[in-house]
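As provided, run.txt (compact mmCIF, C-alpha atoms) reads as follows.
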# COMPACT_ATOMS: atom_id res chain seq x y z
CA MET Z 1 26.95 -81.57 -33.23
CA PHE Z 2 25.97 -78.30 -34.93
CA SER Z 3 28.54 -76.22 -33.04
CA GLU Z 4 31.36 -78.72 -32.86
CA HIS Z 5 33.53 -76.96 -35.41
CA ALA Z 6 34.22 -74.20 -32.87
CA SER Z 7 36.53 -76.40 -30.82
CA ILE Z 8 38.79 -77.96 -33.47
CA LYS Z 9 42.26 -77.34 -34.81
CA PRO Z 10 42.44 -74.03 -36.68
CA PHE Z 11 44.23 -75.38 -39.77
CA ALA Z 12 41.54 -77.91 -40.69
CA SER Z 13 38.73 -75.40 -40.16
CA ARG Z 14 40.54 -72.71 -42.19
CA MET Z 15 41.07 -75.03 -45.19
CA ASP Z 16 38.82 -74.26 -48.18
CA ALA Z 17 35.55 -76.20 -47.98
CA ARG Z 18 35.84 -77.14 -51.68
CA ILE Z 19 39.13 -78.94 -51.03
CA LYS Z 20 37.55 -80.71 -48.08
CA ILE Z 21 34.58 -81.82 -50.21
CA PHE Z 22 37.02 -83.18 -52.80
CA CYS Z 23 38.99 -85.04 -50.07
CA MET Z 24 35.74 -86.48 -48.69
CA ILE Z 25 34.71 -87.79 -52.11
CA LEU Z 26 38.15 -89.35 -52.64
CA ALA Z 27 38.08 -90.97 -49.18
CA SER Z 28 34.55 -92.32 -49.79
CA VAL Z 29 35.54 -93.88 -53.12
CA ALA Z 30 38.66 -95.44 -51.53
CA VAL Z 31 36.60 -96.87 -48.65
CA ILE Z 32 34.03 -98.39 -51.01
CA LEU Z 33 36.46 -99.83 -53.58
CA GLY Z 34 39.52 -100.54 -51.43
CA ASN Z 35 40.74 -103.96 -50.27
CA ARG Z 36 41.68 -104.89 -46.70
CA ALA Z 37 45.11 -103.16 -46.83
CA VAL Z 38 43.52 -99.92 -48.06
CA LEU Z 39 40.93 -100.11 -45.28
CA VAL Z 40 43.67 -100.60 -42.65
CA ALA Z 41 45.58 -97.57 -44.02
CA LEU Z 42 42.42 -95.44 -44.11
CA SER Z 43 41.45 -96.51 -40.58
CA GLY Z 44 44.92 -95.49 -39.34
CA GLY Z 45 44.67 -92.14 -41.11
CA CYS Z 46 41.19 -91.59 -39.74
CA LEU Z 47 42.33 -92.36 -36.17
CA ILE Z 48 45.26 -89.91 -36.47
CA LEU Z 49 42.94 -87.16 -37.77
CA TRP Z 50 40.48 -87.88 -34.96
CA SER Z 51 43.19 -87.56 -32.31
CA LEU Z 52 44.40 -84.28 -33.89
CA ILE Z 53 40.96 -82.77 -34.21
CA ARG Z 54 39.70 -84.07 -30.85
CA ILE Z 55 36.06 -84.76 -31.64
CA GLN Z 56 33.90 -85.30 -28.55
CA VAL Z 57 33.33 -89.04 -28.28
CA ARG Z 58 29.83 -88.83 -26.75
CA HIS Z 59 28.49 -87.24 -29.96
CA VAL Z 60 29.90 -90.14 -31.95
CA PHE Z 61 28.32 -92.80 -29.78
CA ARG Z 62 24.96 -91.03 -30.02
CA SER Z 63 25.25 -91.12 -33.81
CA MET Z 64 26.32 -94.75 -33.72
CA ILE Z 65 23.13 -96.07 -32.08
CA CYS Z 66 21.00 -96.09 -35.27
CA LEU Z 67 23.88 -97.20 -37.47
CA GLY Z 68 24.83 -99.90 -34.97
CA ALA Z 69 21.36 -101.48 -35.16
CA MET Z 70 21.50 -101.45 -38.98
CA LEU Z 71 25.01 -102.93 -38.97
CA GLY Z 72 23.87 -105.65 -36.57
CA VAL Z 73 21.05 -106.63 -38.95
CA ILE Z 74 23.46 -106.67 -41.91
CA PHE Z 75 26.01 -108.79 -40.07
CA LEU Z 76 23.41 -111.29 -38.87
CA THR Z 77 21.70 -111.62 -42.25
CA ARG Z 78 25.10 -112.15 -43.92
CA SER Z 79 26.41 -114.67 -41.40
CA LEU Z 80 23.28 -116.73 -40.64
CA THR Z 81 21.57 -119.00 -43.14
CA LEU Z 82 17.98 -119.99 -42.48
CA SER Z 83 16.64 -123.19 -44.00
CA PHE Z 84 12.93 -122.89 -44.74
CA SER Z 85 12.40 -126.63 -45.23
CA TRP Z 86 11.14 -128.66 -42.24
CA PRO Z 87 12.73 -128.93 -39.67
CA LEU Z 88 13.71 -125.25 -39.57
CA ALA Z 89 17.47 -124.83 -39.11
CA ILE Z 90 19.82 -121.88 -38.67
CA SER Z 91 23.43 -122.36 -39.69
CA TRP Z 92 26.54 -120.17 -39.36
CA ASP Z 93 28.30 -119.12 -42.59
CA ALA Z 94 31.96 -118.19 -41.90
CA ALA Z 95 32.57 -116.64 -45.35
CA GLY Z 96 29.36 -114.62 -45.05
CA ALA Z 97 30.40 -113.45 -41.58
CA THR Z 98 33.77 -112.25 -42.94
CA ASP Z 99 32.02 -110.39 -45.77
CA GLY Z 100 29.56 -108.94 -43.26
CA LEU Z 101 32.41 -107.70 -41.06
CA MET Z 102 34.12 -106.07 -44.06
CA THR Z 103 30.87 -104.34 -45.04
CA CYS Z 104 30.36 -103.09 -41.47
CA TRP Z 105 33.98 -101.88 -41.34
CA ARG Z 106 33.50 -99.88 -44.57
CA LEU Z 107 30.26 -98.33 -43.34
CA ILE Z 108 31.75 -97.33 -39.95
CA LEU Z 109 34.75 -95.76 -41.72
CA LEU Z 110 32.43 -93.82 -44.04
CA MET Z 111 30.54 -92.49 -41.06
CA PHE Z 112 33.75 -91.49 -39.25
CA PHE Z 113 35.01 -89.57 -42.30
CA GLY Z 114 31.63 -87.83 -42.51
CA LEU Z 115 31.87 -86.76 -38.87
CA LEU Z 116 35.41 -85.48 -39.42
CA TRP Z 117 34.24 -83.30 -42.34
CA LEU Z 118 31.35 -82.00 -40.31
CA ALA Z 119 33.58 -81.20 -37.34
CA VAL Z 120 35.96 -78.99 -39.35
CA THR Z 121 33.56 -77.14 -41.68
CA SER Z 122 31.11 -74.38 -40.77
CA HIS Z 123 27.60 -74.24 -42.26
CA ALA Z 124 28.31 -70.98 -44.09
CA ASP Z 125 31.40 -72.48 -45.74
CA ILE Z 126 29.41 -75.56 -46.77
CA ARG Z 127 26.67 -73.42 -48.36
CA ALA Z 128 29.22 -71.32 -50.19
CA ALA Z 129 31.00 -74.44 -51.45
CA VAL Z 130 27.69 -75.90 -52.66
CA ALA Z 131 26.86 -72.70 -54.54
CA TRP Z 132 30.31 -72.82 -56.14
CA LEU Z 133 29.94 -76.50 -57.07
CA CYS Z 134 26.48 -75.93 -58.60
CA LYS Z 135 27.61 -72.93 -60.68
CA PRO Z 136 28.90 -74.85 -63.73
CA VAL Z 137 25.90 -77.22 -63.77
CA PRO Z 138 23.38 -75.95 -66.35
CA GLY Z 139 19.78 -75.57 -65.19
CA ILE Z 140 20.61 -75.37 -61.48
CA PRO Z 141 20.28 -71.87 -59.98
CA GLU Z 142 23.11 -72.02 -57.45
CA LYS Z 143 22.00 -69.00 -55.43
CA ARG Z 144 18.53 -70.47 -55.00
CA VAL Z 145 20.07 -73.76 -53.84
CA ALA Z 146 22.18 -71.90 -51.25
CA THR Z 147 19.17 -69.86 -50.09
CA MET Z 148 16.99 -72.95 -49.77
CA MET Z 149 19.70 -74.72 -47.77
CA SER Z 150 19.87 -71.73 -45.41
CA LEU Z 151 16.08 -71.70 -45.03
CA THR Z 152 16.05 -75.46 -44.38
CA LEU Z 153 18.62 -75.11 -41.61
CA ARG Z 154 16.69 -72.15 -40.20
CA PHE Z 155 13.43 -74.14 -40.13
CA LEU Z 156 14.92 -77.25 -38.47
CA PRO Z 157 15.20 -76.02 -34.84
CA LEU Z 158 11.83 -74.29 -35.20
CA ILE Z 159 10.17 -77.55 -36.25
CA MET Z 160 11.80 -79.48 -33.42
CA ASP Z 161 10.59 -76.89 -30.87
CA GLN Z 162 7.07 -76.91 -32.28
CA ALA Z 163 7.05 -80.72 -32.40
CA ALA Z 164 7.99 -80.83 -28.70
CA ALA Z 165 5.27 -78.29 -27.85
CA THR Z 166 2.67 -80.21 -29.91
CA SER Z 167 3.66 -83.49 -28.30
CA GLU Z 168 3.33 -82.00 -24.80
CA ALA Z 169 -0.05 -80.50 -25.67
CA GLN Z 170 -1.29 -83.86 -27.01
CA GLN Z 171 -0.02 -85.72 -23.94
CA SER Z 172 -1.82 -83.29 -21.65
CA ARG Z 173 -4.98 -84.26 -23.55
CA CYS Z 174 -4.19 -87.97 -22.86
CA ILE Z 175 -3.42 -88.85 -26.49
CA GLN Z 176 -1.46 -91.88 -25.24
CA ASN Z 177 -4.76 -93.50 -24.22
CA ARG Z 178 -5.97 -93.48 -27.83
CA ARG Z 179 -5.29 -96.78 -29.58
CA ASN Z 180 -6.03 -95.67 -33.13
CA PRO Z 181 -2.59 -94.95 -34.66
CA ILE Z 182 -4.03 -92.93 -37.55
CA TYR Z 183 -5.80 -90.65 -35.05
CA ARG Z 184 -2.52 -90.16 -33.19
CA PHE Z 185 -0.58 -89.53 -36.39
CA THR Z 186 -3.11 -86.98 -37.59
CA LYS Z 187 -3.46 -85.17 -34.27
CA PHE Z 188 0.31 -84.82 -34.03
CA SER Z 189 1.12 -83.91 -37.63
CA MET Z 190 -1.74 -81.56 -38.45
CA PRO Z 191 -1.07 -78.82 -35.85
CA LEU Z 192 2.67 -79.15 -36.43
CA LEU Z 193 2.28 -78.66 -40.19
CA CYS Z 194 -0.25 -75.83 -39.82
CA ARG Z 195 2.04 -73.87 -37.52
CA THR Z 196 5.17 -74.41 -39.60
CA LEU Z 197 3.37 -73.55 -42.85
CA GLU Z 198 2.19 -70.28 -41.26
CA THR Z 199 5.82 -69.57 -40.36
CA ALA Z 200 6.87 -70.27 -43.96
CA ASP Z 201 4.13 -67.91 -45.17
CA ARG Z 202 5.34 -65.14 -42.88
CA LEU Z 203 8.92 -65.71 -44.04
CA ALA Z 204 7.89 -65.56 -47.71
CA ASP Z 205 6.02 -62.28 -47.03
CA ALA Z 206 9.10 -60.88 -45.27
CA MET Z 207 11.37 -61.92 -48.17
CA GLU Z 208 9.01 -60.36 -50.68
CA SER Z 209 8.67 -57.11 -48.73
CA ARG Z 210 12.46 -56.83 -48.64
CA CYS Z 211 12.64 -57.27 -52.44
CA TYR Z 212 14.40 -60.65 -52.22
CA SER Z 213 16.49 -61.42 -55.27
CA GLU Z 214 18.82 -64.23 -56.17
CA ASN Z 215 21.66 -61.81 -56.96
CA TYR Z 216 23.16 -61.58 -53.50
CA ARG Z 217 26.74 -62.26 -52.46
CA THR Z 218 27.44 -65.75 -51.23
CA PRO Z 219 29.46 -65.56 -47.99
CA GLY Z 220 32.86 -67.16 -47.93
CA THR Z 221 33.69 -68.37 -51.42
CA GLU Z 222 33.20 -65.09 -53.28
CA ASN Z 223 35.06 -63.11 -50.64
CA ARG Z 224 38.10 -65.33 -51.03
CA LYS Z 225 38.68 -64.45 -54.70
CA MET J 226 13.17 -64.56 -58.52
CA LYS J 227 10.23 -63.53 -60.64
CA SER J 228 6.99 -63.79 -58.73
CA THR J 229 5.52 -63.82 -55.26
CA SER J 230 4.25 -67.33 -55.81
CA GLN J 231 7.76 -68.54 -56.59
CA ILE J 232 9.18 -67.07 -53.36
CA ARG J 233 6.33 -68.67 -51.42
CA MET J 234 6.87 -72.06 -53.06
CA MET J 235 10.60 -71.80 -52.38
CA ALA J 236 9.86 -71.20 -48.69
CA TYR J 237 7.41 -74.13 -48.64
CA ALA J 238 9.91 -76.43 -50.39
CA SER J 239 12.61 -75.45 -47.87
CA LEU J 240 10.13 -76.05 -45.05
CA PHE J 241 9.34 -79.52 -46.37
CA ALA J 242 13.06 -80.26 -46.72
CA ALA J 243 13.41 -79.34 -43.04
CA LEU J 244 10.34 -81.42 -42.16
CA ILE J 245 11.80 -84.45 -43.97
CA ALA J 246 15.04 -83.95 -42.01
CA ALA J 247 13.14 -83.51 -38.73
CA GLY J 248 10.98 -86.52 -39.62
CA ALA J 249 13.96 -88.79 -39.08
CA PHE J 250 13.97 -87.72 -35.42
CA LEU J 251 10.23 -87.39 -34.83
CA ALA J 252 8.85 -90.80 -33.86
CA ILE J 253 5.39 -91.78 -32.65
CA PRO J 254 5.61 -94.76 -30.28
CA ILE J 255 3.04 -97.22 -31.62
CA GLY J 256 3.56 -100.84 -30.62
CA VAL J 257 7.12 -102.09 -30.14
CA VAL J 258 8.79 -100.16 -32.96
CA PRO J 259 8.33 -96.36 -33.03
CA ILE J 260 7.30 -95.09 -36.46
CA VAL J 261 9.33 -92.19 -37.85
CA LEU J 262 7.59 -89.53 -39.89
CA GLN J 263 10.14 -89.04 -42.68
CA ASN J 264 8.18 -90.86 -45.41
CA LEU J 265 4.99 -89.08 -44.39
CA PHE J 266 6.56 -85.69 -45.14
CA VAL J 267 7.91 -86.96 -48.48
CA PHE J 268 4.38 -88.07 -49.41
CA LEU J 269 2.93 -84.73 -48.30
CA ALA J 270 5.58 -82.78 -50.24
CA GLY J 271 4.49 -84.57 -53.42
CA LEU J 272 0.77 -84.17 -52.72
CA LEU J 273 0.83 -80.52 -51.59
CA LEU J 274 3.68 -78.97 -53.58
CA GLY J 275 3.39 -80.95 -56.81
CA LYS J 276 6.12 -82.64 -58.81
CA ARG J 277 8.40 -79.63 -59.38
CA TRP J 278 8.59 -78.13 -55.90
CA GLY J 279 8.26 -81.53 -54.24
CA LEU J 280 11.35 -82.59 -56.15
CA TRP J 281 13.13 -79.38 -55.08
CA SER J 282 12.35 -80.05 -51.42
CA VAL J 283 13.71 -83.61 -51.51
CA ALA J 284 16.72 -82.53 -53.59
CA ILE J 285 17.58 -79.78 -51.09
CA TYR J 286 17.20 -82.24 -48.21
CA LEU J 287 19.54 -84.74 -49.91
CA LEU J 288 22.03 -82.05 -50.91
CA THR J 289 22.07 -80.62 -47.38
CA GLY J 290 22.82 -84.09 -46.04
CA ALA J 291 25.28 -84.95 -48.82
CA VAL J 292 27.52 -81.99 -48.08
CA GLY J 293 27.83 -83.05 -44.46
CA LEU J 294 25.13 -81.22 -42.52
CA PRO J 295 23.59 -83.54 -39.91
CA VAL J 296 20.10 -83.98 -41.37
CA PHE J 297 20.06 -87.74 -41.97
CA ALA J 298 18.80 -90.25 -39.42
CA GLY J 299 21.04 -90.52 -36.37
CA GLY J 300 22.26 -86.94 -36.74
CA ALA J 301 24.77 -87.88 -39.41
CA GLY J 302 25.49 -86.43 -42.82
CA GLY J 303 27.99 -86.70 -45.63
CA ILE J 304 28.08 -88.02 -49.15
CA ALA J 305 29.24 -91.33 -47.70
CA ARG J 306 25.71 -91.91 -46.40
CA PHE J 307 24.60 -92.63 -49.97
CA ALA J 308 27.12 -95.44 -50.14
CA GLY J 309 25.72 -96.95 -46.93
CA PRO J 310 22.89 -99.49 -46.68
CA THR J 311 20.18 -96.81 -46.51
CA GLY J 312 21.51 -94.80 -49.46
CA GLY J 313 19.02 -96.35 -51.89
CA TYR J 314 16.04 -95.32 -49.77
CA LEU J 315 17.35 -91.74 -49.61
CA LEU J 316 17.89 -91.52 -53.37
CA GLY J 317 14.57 -93.28 -53.97
CA TYR J 318 12.78 -90.28 -52.43
CA LEU J 319 13.60 -88.25 -55.56
CA PRO J 320 11.69 -90.33 -58.15
CA ALA J 321 9.05 -91.14 -55.52
CA VAL J 322 8.15 -87.51 -54.76
CA TRP J 323 8.16 -86.67 -58.47
CA LEU J 324 5.82 -89.57 -59.18
CA ILE J 325 3.47 -88.66 -56.31
CA GLY J 326 3.42 -85.05 -57.49
CA TRP J 327 2.84 -86.03 -61.10
CA ILE J 328 -0.04 -88.37 -60.26
CA SER J 329 -1.68 -85.85 -57.92
CA GLU J 330 -1.36 -83.06 -60.53
CA ASN J 331 -2.70 -85.10 -63.42
CA THR J 332 -5.62 -86.85 -61.75
CA ARG J 333 -8.66 -85.80 -59.80
CA LYS J 334 -7.93 -84.80 -56.18
CA THR J 335 -9.82 -87.73 -54.69
CA PRO J 336 -8.52 -89.89 -51.82
CA SER J 337 -8.35 -92.98 -54.05
CA PHE J 338 -5.96 -91.30 -56.52
CA GLN J 339 -3.92 -89.86 -53.65
CA VAL J 340 -3.61 -93.32 -52.08
CA ALA J 341 -2.59 -94.76 -55.46
CA ALA J 342 0.05 -92.00 -55.82
CA MET J 343 1.52 -92.71 -52.39
CA ILE J 344 1.54 -96.49 -52.94
CA ALA J 345 3.36 -95.95 -56.25
CA GLY J 346 5.83 -93.65 -54.46
CA SER J 347 6.43 -96.22 -51.71
CA LEU J 348 7.05 -98.93 -54.30
CA VAL J 349 9.67 -96.73 -55.98
CA VAL J 350 11.38 -96.09 -52.60
CA TYR J 351 11.43 -99.83 -51.82
CA ALA J 352 12.68 -100.71 -55.32
CA CYS J 353 15.60 -98.30 -54.99
CA GLY J 354 16.26 -99.06 -51.31
CA VAL J 355 16.16 -102.85 -51.44
CA SER J 356 18.22 -103.13 -54.61
CA TRP J 357 20.88 -100.80 -53.17
CA LEU J 358 20.82 -102.69 -49.84
CA LYS J 359 21.37 -105.93 -51.76
CA THR J 360 24.26 -104.40 -53.72
CA VAL J 361 26.02 -102.89 -50.71
CA THR J 362 25.66 -105.82 -48.36
CA HIS J 363 25.89 -108.62 -50.99
CA MET J 364 22.75 -110.22 -49.58
CA SER J 365 20.42 -112.39 -51.63
CA TRP J 366 17.18 -110.80 -52.92
CA HIS J 367 15.15 -112.74 -50.38
CA LYS J 368 17.28 -111.59 -47.43
CA ALA J 369 17.36 -108.01 -48.69
CA ILE J 370 13.56 -107.91 -48.93
CA VAL J 371 13.17 -109.50 -45.47
CA ALA J 372 15.57 -106.98 -43.90
CA GLY J 373 14.73 -103.89 -45.93
CA CYS J 374 11.08 -104.07 -46.92
CA TYR J 375 8.71 -106.28 -44.89
CA PRO J 376 9.31 -104.64 -41.46
CA PHE J 377 8.38 -101.19 -42.79
CA ILE J 378 5.16 -102.03 -44.70
CA PRO J 379 2.73 -101.69 -41.73
CA GLY J 380 4.22 -98.32 -40.79
CA ASP J 381 3.99 -97.07 -44.36
CA ALA J 382 0.35 -98.18 -44.59
CA LEU J 383 -0.41 -96.12 -41.47
CA LYS J 384 1.42 -93.12 -42.91
CA ILE J 385 -0.53 -93.33 -46.16
CA ALA J 386 -3.80 -93.54 -44.23
CA ALA J 387 -2.82 -90.53 -42.11
CA ALA J 388 -1.56 -88.48 -45.07
CA ILE J 389 -5.02 -88.33 -46.70
CA PRO J 390 -6.81 -86.26 -44.00
CA ILE J 391 -3.67 -84.19 -43.42
CA ALA J 392 -3.32 -83.34 -47.14
CA ARG J 393 -7.04 -82.49 -47.33
CA ALA J 394 -6.79 -80.18 -44.31
CA LEU J 395 -3.63 -78.45 -45.50
CA LYS J 396 -4.74 -77.92 -49.10
CA GLY J 397 -6.47 -74.70 -48.05
CA ILE J 398 -3.45 -73.42 -46.14
CA VAL J 399 -0.83 -73.97 -48.86
CA ARG J 400 -1.12 -70.89 -51.09
CA LYS J 401 0.31 -71.74 -54.50
Take the structure I supplied and represent it as structure tokens, if you would.
Amino acid sequence: MFSEHASIKPFASRMDARIKIFCMILASVAVILGNRAVLVALSGGCLILWSLIRIQVRHVFRSMICLGAMLGVIFLTRSLTLSFSWPLAISWDAAGATDGLMTCWRLILLMFFGLLWLAVTSHADIRAAVAWLCKPVPGIPEKRVATMMSLTLRFLPLIMDQAAATSEAQQSRCIQNRRNPIYRFTKFSMPLLCRTLETADRLADAMESRCYSENYRTPGTENRK
Amino acid sequence: MKSTSQIRMMAYASLFAALIAAGAFLAIPIGVVPIVLQNLFVFLAGLLLGKRWGLWSVAIYLLTGAVGLPVFAGGAGGIARFAGPTGGYLLGYLPAVWLIGWISENTRKTPSFQVAAMIAGSLVVYACGVSWLKTVTHMSWHKAIVAGCYPFIPGDALKIAAAIPIARALKGIVRK
């Protein structure tokens, strides 16, 4: 998912990230507020963009697993009515089912638009666009926001690697035989947090020794002036 | 950037933002439903970093996800996520981490106050999450609470219980 933008149509990836953010916001508002005709039009547009950009379908299905479970719960709770008086009875509500389907349709469309945006925008462009968007907002240091976003993305793979290593180490010590969930939580989280905090310390020392300042050039947006 | 401490806290806040993002993918299989660690890291951000930097870490996490980077559960991102059924829980992290940080900064650092802070934070997350779930899906209050609150209470209780020894152990490592 992180490197998908490398394989898409050049025009969409070259477009300014700020314009794409604006388009995303517009599309999101239309999906949330639109009626059935608007949803049909947006679904058609989304399908055309998908076929042009050629997003790999397996990534989408992987992302859909969690959302699918949530949508299933929403649809069932909207369409089934449970009577709590004795005898217990479950009845089917057709109007609720229609509303549930519409809600699920909106949510799936929102997710598809999000994936489209992600597929055609690089991380550096996103950071630069965020710094630009934060600039006029008083009290928000935009360079710090961009730096913290970069650090967050830098830490993510490191945490996942260390989590895998910690998990393997715990399994080799037969942690799965322990029934106490708090013990398992603690023995997993504590070494993970200790190691990652040490990494953050080293990074802070490195930034300080290189005289880190917030007055650096943001890649992308400033260069395009 | 004015002081060493500020650079360090910025690195810690970014680290906790990354931990919150990774927490959506890190699950400990206990019983039938695996418990994800996202809330645990939100609690720890409030307890260890305080209200200001805890708020920064959650805000950076939400902003990173809002602009489309795949840090939300399921590897998805985008501002549209906030309009989805779980949007309220995500936004609820902001007041929750502030509240946890505020309580932990303004009370004695005893486990009872830390537990109270995390319970208050969880209540804020549920209040935001369930009311948004009800609004988005047009469910009744009862159904929204059944679908969006009850199933997660045992897991949250475990996370609160685990956060106390973790916060105590890490207090010496976090250099403010």
For Leu383 (chain J): contacts at 8 Å, all atoms listed in the file, fewer than 3 positions along chain excluded, given as a VMD selection string: (chain Z and resid 181 to 182) or (chain J and resid 379 to 380 386 to 387)
Using all atoms listed in the file, find the residues of chain J whose closest atom to chain Z is at most 8 Å away, then write them as a compact mmCIF listing (two decimals) with C-alpha atoms, in the frame of the given file.
# COMPACT_ATOMS: atom_id res chain seq x y z
CA MET J 226 13.17 -64.56 -58.52
CA THR J 229 5.52 -63.82 -55.26
CA ILE J 232 9.18 -67.07 -53.36
CA ARG J 233 6.33 -68.67 -51.42
CA MET J 235 10.60 -71.80 -52.38
CA ALA J 236 9.86 -71.20 -48.69
CA TYR J 237 7.41 -74.13 -48.64
CA ALA J 238 9.91 -76.43 -50.39
CA SER J 239 12.61 -75.45 -47.87
CA LEU J 240 10.13 -76.05 -45.05
CA ALA J 242 13.06 -80.26 -46.72
CA ALA J 243 13.41 -79.34 -43.04
CA LEU J 244 10.34 -81.42 -42.16
CA ALA J 246 15.04 -83.95 -42.01
CA ALA J 247 13.14 -83.51 -38.73
CA LEU J 251 10.23 -87.39 -34.83
CA ILE J 253 5.39 -91.78 -32.65
CA ILE J 255 3.04 -97.22 -31.62
CA ILE J 285 17.58 -79.78 -51.09
CA TYR J 286 17.20 -82.24 -48.21
CA THR J 289 22.07 -80.62 -47.38
CA VAL J 292 27.52 -81.99 -48.08
CA GLY J 293 27.83 -83.05 -44.46
CA LEU J 294 25.13 -81.22 -42.52
CA PRO J 295 23.59 -83.54 -39.91
CA ALA J 298 18.80 -90.25 -39.42
CA GLY J 299 21.04 -90.52 -36.37
CA GLY J 300 22.26 -86.94 -36.74
CA ALA J 301 24.77 -87.88 -39.41
CA GLY J 302 25.49 -86.43 -42.82
CA GLY J 303 27.99 -86.70 -45.63
CA ILE J 304 28.08 -88.02 -49.15
CA ALA J 305 29.24 -91.33 -47.70
CA ARG J 306 25.71 -91.91 -46.40
CA ALA J 308 27.12 -95.44 -50.14
CA GLY J 309 25.72 -96.95 -46.93
CA VAL J 361 26.02 -102.89 -50.71
CA THR J 362 25.66 -105.82 -48.36
CA HIS J 363 25.89 -108.62 -50.99
CA MET J 364 22.75 -110.22 -49.58
CA LYS J 368 17.28 -111.59 -47.43
CA ALA J 372 15.57 -106.98 -43.90
CA LEU J 383 -0.41 -96.12 -41.47
CA LYS J 384 1.42 -93.12 -42.91
CA ALA J 386 -3.80 -93.54 -44.23
CA ALA J 387 -2.82 -90.53 -42.11
CA ALA J 388 -1.56 -88.48 -45.07
CA PRO J 390 -6.81 -86.26 -44.00
CA ILE J 391 -3.67 -84.19 -43.42
CA ALA J 394 -6.79 -80.18 -44.31
CA LEU J 395 -3.63 -78.45 -45.50
CA ILE J 398 -3.45 -73.42 -46.14
CA VAL J 399 -0.83 -73.97 -48.86
Point-to-point distance from CA of Gln171 (chain Z) to CA of Ile260 (chain J), Å rounded to tenths: 17.3 Å
Produce the centre coordinates and the three edge lengths, each in Å to one decimal, of the box along x, y and z that contains all listed atoms of region 27-37 of chain Z with 3 Å added on each side, as lines of an AutoDock Vina configuration file.
center_x = 39.6
center_y = -97.9
center_z = -50.1
size_x = 17.1
size_y = 19.9
size_z = 12.9
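CA of Trp278 (chain J) is found 27.6 Å from CA of Arg18 (chain Z).
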